[in-house]
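What follows is data.txt (compact mmCIF, C-alpha atoms).
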# COMPACT_ATOMS: atom_id res chain seq x y z
CA MET A 1 0.00 0.00 0.00
CA ARG A 2 1.14 3.59 -0.61
CA HIS A 3 0.87 4.39 3.08
CA GLY A 4 4.10 2.45 3.61
CA PHE A 5 2.81 0.02 6.22
CA SER A 6 2.95 -3.75 5.89
CA ARG A 7 0.48 -6.18 7.40
CA HIS A 8 1.44 -8.59 10.18
CA PRO A 9 0.66 -12.31 9.54
CA LEU A 10 -1.64 -12.36 12.59
CA SER A 11 -3.70 -9.63 10.98
CA GLU A 12 -3.63 -11.34 7.57
CA ALA A 13 -5.17 -14.44 9.19
CA TRP A 14 -8.50 -12.60 9.32
CA GLY A 15 -8.81 -11.77 5.66
CA ASN A 16 -10.04 -8.51 4.17
CA MET A 17 -13.06 -6.27 4.39
CA THR A 18 -15.25 -6.02 1.33
CA GLU A 19 -14.84 -2.92 -0.80
CA ASP A 20 -18.18 -1.54 0.45
CA GLN A 21 -17.15 -2.07 4.09
CA LEU A 22 -13.81 -0.35 3.49
CA LEU A 23 -15.45 2.65 1.82
CA GLU A 24 -17.92 2.87 4.69
CA LEU A 25 -15.02 2.87 7.17
CA ALA A 26 -13.17 5.54 5.17
CA GLU A 27 -16.27 7.73 5.14
CA ASP A 28 -16.59 7.41 8.91
CA ILE A 29 -12.92 8.32 9.40
CA LYS A 30 -13.31 11.31 7.09
CA HIS A 31 -16.18 12.72 9.16
CA ASN A 32 -15.27 11.53 12.68
CA GLY A 33 -11.52 11.04 12.54
CA GLN A 34 -9.47 7.93 13.40
CA LYS A 35 -11.01 6.71 16.64
CA ASP A 36 -8.48 3.99 17.52
CA ALA A 37 -4.76 3.96 16.88
CA VAL A 38 -3.24 1.39 14.55
CA VAL A 39 -1.31 -1.14 16.67
CA MET A 40 2.17 -2.07 15.47
CA TYR A 41 4.14 -5.23 16.31
CA GLU A 42 7.42 -6.48 14.86
CA GLY A 43 7.38 -3.39 12.61
CA LYS A 44 4.05 -4.38 11.03
CA VAL A 45 0.36 -3.64 11.52
CA LEU A 46 -0.96 -6.03 14.12
CA ASP A 47 -4.39 -4.45 14.51
CA GLY A 48 -5.97 -1.78 12.32
CA TRP A 49 -4.95 -2.75 8.79
CA HIS A 50 -8.27 -1.58 7.40
CA ARG A 51 -7.99 1.65 9.42
CA CYS A 52 -4.71 2.26 7.57
CA GLN A 53 -6.49 1.84 4.26
CA GLY A 54 -9.46 3.87 5.42
CA CYS A 55 -7.21 6.73 6.56
CA GLN A 56 -5.44 6.71 3.19
CA ILE A 57 -8.74 6.85 1.31
CA ALA A 58 -10.01 9.62 3.59
CA GLY A 59 -6.75 11.58 3.40
CA VAL A 60 -6.22 11.38 7.17
CA GLU A 61 -2.78 10.98 8.76
CA ILE A 62 -2.41 7.52 10.31
CA ARG A 63 -1.94 7.44 14.09
CA THR A 64 -0.07 4.41 15.52
CA ASN A 65 0.93 2.85 18.82
CA ASP A 66 3.30 -0.05 19.55
CA PHE A 67 1.78 -3.22 20.99
CA GLN A 68 2.36 -3.24 24.75
CA GLY A 69 1.05 -6.68 25.76
CA ASP A 70 2.76 -10.06 25.97
CA ASN A 71 0.27 -12.11 23.92
CA PRO A 72 -0.27 -10.73 20.41
CA VAL A 73 -2.27 -13.83 19.42
CA ALA A 74 -4.88 -13.28 22.11
CA HIS A 75 -4.99 -9.56 21.27
CA VAL A 76 -5.71 -10.14 17.59
CA ILE A 77 -8.30 -12.83 18.26
CA SER A 78 -10.14 -10.64 20.76
CA LYS A 79 -10.22 -7.77 18.25
CA ASN A 80 -11.45 -9.86 15.31
CA ALA A 81 -13.44 -12.86 16.57
CA HIS A 82 -16.67 -10.83 16.69
CA ARG A 83 -16.30 -9.15 13.30
CA ARG A 84 -19.71 -8.92 11.69
CA GLY A 85 -20.40 -10.91 8.56
CA GLN A 86 -17.96 -13.72 9.35
CA ALA A 87 -19.09 -17.34 9.09
CA ALA A 88 -18.17 -19.82 11.81
CA GLY A 89 -15.73 -21.58 9.49
CA GLN A 90 -13.96 -18.32 8.70
CA ARG A 91 -13.50 -17.58 12.39
CA ALA A 92 -12.24 -21.10 13.02
CA ALA A 93 -9.73 -20.90 10.14
CA ALA A 94 -8.46 -17.52 11.36
CA VAL A 95 -8.04 -18.71 14.96
CA VAL A 96 -6.17 -21.83 13.76
CA ARG A 97 -3.85 -19.63 11.68
CA CYS A 98 -3.20 -17.32 14.60
CA HIS A 99 -2.20 -20.21 16.84
CA GLU A 100 0.07 -21.66 14.15
CA TRP A 101 1.99 -18.37 13.93
CA LYS A 102 5.30 -18.18 15.80
CA PRO A 103 7.17 -15.00 16.88
CA LEU A 104 10.32 -14.09 15.02
CA HIS A 105 12.52 -14.79 18.04
CA ARG A 106 11.22 -18.34 18.53
CA GLU A 107 11.83 -21.56 16.64
CA LYS A 108 9.11 -22.91 14.36
CA LYS A 109 8.14 -25.62 16.82
CA VAL A 110 6.93 -24.74 20.29
CA GLU A 111 7.22 -26.98 23.31
CA PRO A 112 3.92 -28.60 24.40
CA GLY A 113 2.34 -26.71 27.25
CA SER A 114 3.84 -23.33 26.35
CA THR A 115 1.63 -20.25 26.19
CA LEU A 116 1.79 -20.40 22.40
CA THR A 117 0.04 -23.74 22.13
CA ALA A 118 -3.70 -24.21 22.40
CA THR A 119 -5.98 -27.24 22.42
CA ASN A 120 -8.87 -27.67 20.01
CA ARG A 121 -11.22 -26.97 22.91
CA GLN A 122 -9.51 -23.66 23.69
CA MET A 123 -9.53 -22.61 20.04
CA ALA A 124 -13.19 -23.59 19.69
CA LYS A 125 -14.04 -21.38 22.64
CA GLU A 126 -12.09 -18.45 21.19
CA ALA A 127 -13.80 -18.78 17.81
CA ASN A 128 -17.20 -19.60 19.34
CA VAL A 129 -17.45 -22.77 17.23
CA SER A 130 -17.47 -26.51 17.84
CA GLU A 131 -14.28 -28.55 18.24
CA ARG A 132 -15.26 -30.39 15.05
CA THR A 133 -15.15 -27.08 13.16
CA ILE A 134 -11.64 -26.44 14.50
CA THR A 135 -10.59 -29.93 13.36
CA ASP A 136 -12.00 -29.19 9.90
CA ALA A 137 -10.22 -25.83 9.82
CA LYS A 138 -6.91 -27.52 10.65
CA ALA A 139 -7.40 -30.08 7.89
CA ALA A 140 -8.24 -27.31 5.40
CA GLU A 141 -5.20 -25.25 6.42
CA ASP A 142 -2.83 -28.23 6.17
CA ALA A 143 -4.14 -29.01 2.67
CA GLY A 144 -3.68 -25.44 1.45
CA PHE A 145 -7.34 -24.41 1.50
CA GLY A 146 -6.96 -21.93 4.35
CA ASP A 147 -7.11 -18.83 2.12
CA ALA A 148 -10.29 -20.04 0.44
CA VAL A 149 -11.95 -20.64 3.82
CA VAL A 150 -10.89 -17.30 5.31
CA SER A 151 -12.10 -15.42 2.21
CA GLY A 152 -15.41 -17.29 2.19
CA GLU A 153 -14.84 -18.93 -1.20
CA MET A 154 -15.20 -22.36 0.42
CA SER A 155 -16.97 -23.47 3.56
CA VAL A 156 -14.74 -25.08 6.15
CA LYS A 157 -16.69 -28.34 5.77
CA GLU A 158 -16.20 -28.42 1.99
CA ALA A 159 -12.51 -27.66 2.35
CA ALA A 160 -12.04 -30.34 5.00
CA GLU A 161 -13.83 -32.95 2.88
CA GLN A 162 -11.61 -32.19 -0.09
CA ALA A 163 -8.55 -32.19 2.13
CA ARG A 164 -9.31 -35.56 3.64
CA GLY A 165 -10.47 -37.33 0.50
CA ASP A 166 -10.29 -41.06 1.17
CA GLU A 167 -9.15 -40.31 4.69
CA ASP A 168 -12.70 -39.23 5.50
CA LYS A 169 -13.79 -42.86 5.44
CA PRO A 170 -14.76 -44.34 8.82
CA LYS A 171 -11.70 -44.82 11.01
CA PRO A 172 -11.10 -47.33 13.80
CA PRO A 173 -12.38 -46.00 17.13
CA THR A 174 -9.85 -44.31 19.37
CA LEU A 175 -8.97 -45.66 22.80
CA LEU A 176 -11.24 -43.04 24.36
CA GLU A 177 -14.13 -44.02 22.08
CA GLN A 178 -13.56 -47.70 22.85
CA ALA A 179 -13.61 -46.97 26.59
CA LYS A 180 -16.84 -45.01 26.28
CA THR A 181 -18.46 -47.86 24.33
CA LYS A 182 -17.35 -50.38 26.95
CA ILE A 183 -18.81 -48.24 29.74
CA GLU A 184 -22.14 -48.07 27.90
CA GLU A 185 -22.14 -51.86 27.55
CA LEU A 186 -21.32 -52.32 31.23
CA ASN A 187 -24.04 -49.90 32.27
CA SER A 188 -26.50 -51.88 30.16
CA HIS A 189 -25.40 -55.12 31.84
CA LEU A 190 -25.74 -53.49 35.25
CA ALA A 191 -29.28 -52.43 34.45
CA ASP A 192 -30.15 -56.00 33.39
CA ARG A 193 -28.63 -57.43 36.57
CA ASP A 194 -30.51 -54.94 38.76
CA GLU A 195 -33.75 -55.88 37.04
CA LYS A 196 -33.12 -59.59 37.60
CA ILE A 197 -32.33 -59.00 41.28
CA LEU A 198 -35.64 -57.18 41.71
CA VAL A 199 -37.54 -60.01 39.99
CA LEU A 200 -35.85 -62.65 42.14
CA THR A 201 -36.44 -60.62 45.29
CA ASP A 202 -40.15 -60.37 44.47
CA GLU A 203 -40.27 -64.08 43.73
CA LEU A 204 -38.55 -64.83 47.02
CA GLN A 205 -41.02 -62.69 48.93
CA ALA A 206 -43.90 -64.43 47.16
CA TYR A 207 -42.69 -67.81 48.38
CA LEU A 208 -42.36 -66.47 51.89
CA ASP A 209 -45.89 -65.10 51.78
CA ALA A 210 -47.36 -68.23 50.20
CA GLY A 211 -47.04 -70.22 53.42
CA SER A 212 -46.03 -73.43 51.61
CA ASP A 213 -44.39 -76.43 53.21
CA GLY A 214 -41.45 -75.38 55.38
CA ASN A 215 -38.92 -77.68 53.71
CA ASP A 216 -39.96 -76.63 50.20
CA GLN A 217 -39.94 -73.00 51.26
CA GLN A 218 -36.50 -73.31 52.76
CA THR A 219 -35.13 -75.06 49.66
CA LYS A 220 -36.61 -72.44 47.32
CA PHE A 221 -35.37 -69.65 49.58
CA ALA A 222 -31.83 -71.03 49.44
CA GLN A 223 -31.95 -71.32 45.62
CA LEU A 224 -33.23 -67.78 45.14
CA HIS A 225 -30.83 -66.40 47.70
CA ASP A 226 -27.90 -68.03 45.90
CA GLN A 227 -29.06 -66.58 42.57
CA ILE A 228 -29.34 -63.09 44.06
CA ARG A 229 -25.91 -63.46 45.66
CA VAL A 230 -24.37 -64.40 42.30
CA LEU A 231 -26.08 -61.50 40.54
CA LYS A 232 -24.93 -59.03 43.18
CA SER A 233 -21.40 -60.33 42.83
CA GLN A 234 -21.62 -59.81 39.05
CA VAL A 235 -22.97 -56.30 39.59
CA ASN A 236 -20.02 -55.48 41.85
CA GLU A 237 -17.59 -56.84 39.28
CA HIS A 238 -19.21 -54.82 36.49
CA MET A 239 -19.17 -51.70 38.62
CA ALA A 240 -15.48 -52.17 39.36
CA VAL A 241 -14.71 -52.54 35.64
CA ALA A 242 -16.93 -49.56 34.77
CA ASN A 243 -15.17 -47.38 37.33
CA GLN A 244 -11.80 -48.43 35.97
CA PHE A 245 -12.88 -47.48 32.42
CA LYS A 246 -14.19 -44.15 33.70
CA ARG A 247 -10.80 -43.41 35.24
CA GLU A 248 -9.09 -44.35 31.99
CA CYS A 249 -11.51 -42.11 30.04
CA LYS A 250 -10.72 -39.21 32.33
CA ALA A 251 -6.98 -39.73 31.88
CA LEU A 252 -7.34 -40.00 28.09
CA ARG A 253 -9.49 -36.87 27.98
CA LYS A 254 -6.78 -34.93 29.82
CA LYS A 255 -4.14 -36.14 27.37
CA ALA A 256 -6.37 -35.20 24.42

Write the structure described by the file as structure tokens, please.
Amino acid sequence: MRHGFSRHPLSEAWGNMTEDQLLELAEDIKHNGQKDAVVMYEGKVLDGWHRCQGCQIAGVEIRTNDFQGDNPVAHVISKNAHRRGQAAGQRAAAVVRCHEWKPLHREKKVEPGSTLTATNRQMAKEANVSERTITDAKAAEDAGFGDAVVSGEMSVKEAAEQARGDEDKPKPPTLLEQAKTKIEELNSHLADRDEKILVLTDELQAYLDAGSDGNDQQTKFAQLHDQIRVLKSQVNEHMAVANQFKRECKALRKKA
């Protein structure tokens, strides 16, 4: 641009205003002045790229400030995540791009757990989208469709489907999914066992109330009691296994 400023990659992640939006902004600046300063970081425009363009169109001198915080990623996301007219997929793609950016003074790869890494859940919250949408945005970005998603030329779902191709076929369940399935099966078995215990208990009470021969009653009582004891033992075993799977699920969820 003729104004001599260059755009920071974190700002570029959010795409461009439409021509009508830019002219509307320039008109506002012309009549009301530049309300917010353009924020500079690493010698480039971190926030306010369209204000730069609007000031140029309006013939207004551009006012700037240097970024003073310690987290430029969070700053840019907070300034852009609520931009009107953006689809969920565009927000997701922009947030993914922001978190993939690395400062000039750091290596390309960042150690897990550093402040520059973010989980899918965290990114989904920042973009106000589902974790699935973040996963799709990552797939689109890795396949080179990020620009098309950010600009709105492709939906994030379409881009992810093209990116995955044959990979989008059903995949084997993960360990976490397997654990969840096992817990559901165990809970179903527990419900069946509980139902059988109730039936046997009712049957036992019926024999006690029937007033039949003492020996027959005692024999039947012993049989039913043994069956209930076995079922309760099975319930306890199933509960122990279910609790173990729940602990494993919790550990896997933390790792994920």

Atom CA of Gly59 of chain A and atom CA of Glu27 of chain A, how far apart in Å?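 Spanning atom CA of Glu27 of chain A to atom CA of Gly59 of chain A is a straight-line distance of 10.4 Å.
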
Adding 5 Å on each side of the box along x, y and z that holds all listed atoms of segment 13-25 of chain A, could you give its centre and edge lengths in Å to one decimal, as JSON?
{"center_x": -11.7, "center_y": -5.8, "center_z": 4.3, "size_x": 23.0, "size_y": 27.3, "size_z": 20.1}

May I ask for the distance between atom CA of Ala92 of chain A and atom CA of Ile134 of chain A, given in Å to one decimal place? 5.6 Å

Enter the distance from atom CA of Phe5 of chain A to atom CA of Glu153 of chain A, in Å, rounded to one decimal.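 Pair atom CA of Phe5 of chain A / atom CA of Glu153 of chain A returns 26.9 Å.
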
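Closest approach to Lys125 of chain A among A:Val95, A:Leu10, A:Leu46, A:Ala240: A:Val95, based on all atoms listed in the file.
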
Show which residues sit within 9 Å of Ile62 of chain A, as a PDB file with C-alpha atoms, in the coordinates of the input. Count all atoms listed in the file, and ignore same-chain residues fewer than 3 positions away.
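Wrote result_16.pdb, looks like this:
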ATOM      1  CA  HIS A   3       0.870   4.390   3.080  1.00  0.00           C
ATOM      2  CA  GLN A  34      -9.470   7.930  13.400  1.00  0.00           C
ATOM      3  CA  ALA A  37      -4.760   3.960  16.880  1.00  0.00           C
ATOM      4  CA  VAL A  38      -3.240   1.390  14.550  1.00  0.00           C
ATOM      5  CA  ARG A  51      -7.990   1.650   9.420  1.00  0.00           C
ATOM      6  CA  CYS A  52      -4.710   2.260   7.570  1.00  0.00           C
ATOM      7  CA  CYS A  55      -7.210   6.730   6.560  1.00  0.00           C
ATOM      8  CA  GLN A  56      -5.440   6.710   3.190  1.00  0.00           C
TER       9      GLN A  56
END

Pick from A:His8, A:Glu141, A:Lys35, A:Asn16 nearest to Val76 of chain A, counting all atoms listed in the file: A:His8

Pick from A:Met154, A:Pro9, A:Lys79, A:His225 nearest to Lys102 of chain A, counting all atoms listed in the file: A:Pro9

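Using all atoms listed in the file, the smallest distance between any of A:Ser11, A:Gln178, A:Ser233, A:Thr133 and Pro72 of chain A comes from A:Ser11.
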
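Counting all atoms listed in the file, the residue from A:Arg121, A:Arg91, A:Lys232, A:His99 that sits nearest to Val150 of chain A is A:Arg91.
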
Spatial neighbours of Glu24 of chain A, 12 Å, all atoms listed in the file, chain gap at least 3 places, as a count of residues only: 17

Using all atoms listed in the file, which protein or nucleic acid residues come within 12 Å of His75 of chain A? Drop anything in the same chain fewer than 2 positions from it, and give the result as a ChimeraX atom specification. /A:10-11,39-41,46-48,67-73,77-81,95,98-99,126

Which of A:Ala159, A:Ala94, A:Ala26, A:Leu224 sits closest to Leu200 of chain A [using only C-alpha atoms]: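 That would be A:Leu224, the residue with the smallest distance to Leu200 of chain A.
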
With N, CA and C atoms as the goal, would you fill in the gaps in segment 5-20 of chain A and present it as a CSV table (one decimal), in the coordinates of the input?
chain,number,residue,atom,x,y,z
A,5,PHE,N,2.9,1.0,5.2
A,5,PHE,CA,2.8,0.0,6.2
A,5,PHE,C,2.7,-1.4,5.6
A,6,SER,N,3.2,-2.4,6.3
A,6,SER,CA,3.0,-3.8,5.9
A,6,SER,C,2.1,-4.5,6.9
A,7,ARG,N,1.4,-5.5,6.5
A,7,ARG,CA,0.5,-6.2,7.4
A,7,ARG,C,1.1,-7.4,8.1
A,8,HIS,N,0.9,-7.5,9.4
A,8,HIS,CA,1.4,-8.6,10.2
A,8,HIS,C,0.7,-9.9,9.8
A,9,PRO,N,1.4,-11.0,9.8
A,9,PRO,CA,0.7,-12.3,9.5
A,9,PRO,C,-0.6,-12.6,10.4
A,10,LEU,N,-0.5,-12.1,11.7
A,10,LEU,CA,-1.6,-12.4,12.6
A,10,LEU,C,-2.9,-11.6,12.1
A,11,SER,N,-2.6,-10.4,11.5
A,11,SER,CA,-3.7,-9.6,11.0
A,11,SER,C,-4.2,-10.2,9.7
A,12,GLU,N,-3.3,-10.7,8.9
A,12,GLU,CA,-3.6,-11.3,7.6
A,12,GLU,C,-4.5,-12.6,7.8
A,13,ALA,N,-4.4,-13.2,8.9
A,13,ALA,CA,-5.2,-14.4,9.2
A,13,ALA,C,-6.7,-14.2,9.1
A,14,TRP,N,-7.1,-12.9,9.3
A,14,TRP,CA,-8.5,-12.6,9.3
A,14,TRP,C,-9.1,-12.1,8.0
A,15,GLY,N,-8.3,-12.1,7.0
A,15,GLY,CA,-8.8,-11.8,5.7
A,15,GLY,C,-9.0,-10.3,5.5
A,16,ASN,N,-9.8,-9.9,4.5
A,16,ASN,CA,-10.0,-8.5,4.2
A,16,ASN,C,-11.5,-8.1,4.2
A,17,MET,N,-11.7,-6.8,4.5
A,17,MET,CA,-13.1,-6.3,4.4
A,17,MET,C,-13.5,-6.3,2.9
A,18,THR,N,-14.8,-6.2,2.7
A,18,THR,CA,-15.2,-6.0,1.3
A,18,THR,C,-15.0,-4.6,0.9
A,19,GLU,N,-15.1,-4.3,-0.3
A,19,GLU,CA,-14.8,-2.9,-0.8
A,19,GLU,C,-15.9,-2.0,-0.2
A,20,ASP,N,-17.1,-2.4,-0.1
A,20,ASP,CA,-18.2,-1.5,0.4
A,20,ASP,C,-17.9,-1.2,1.9
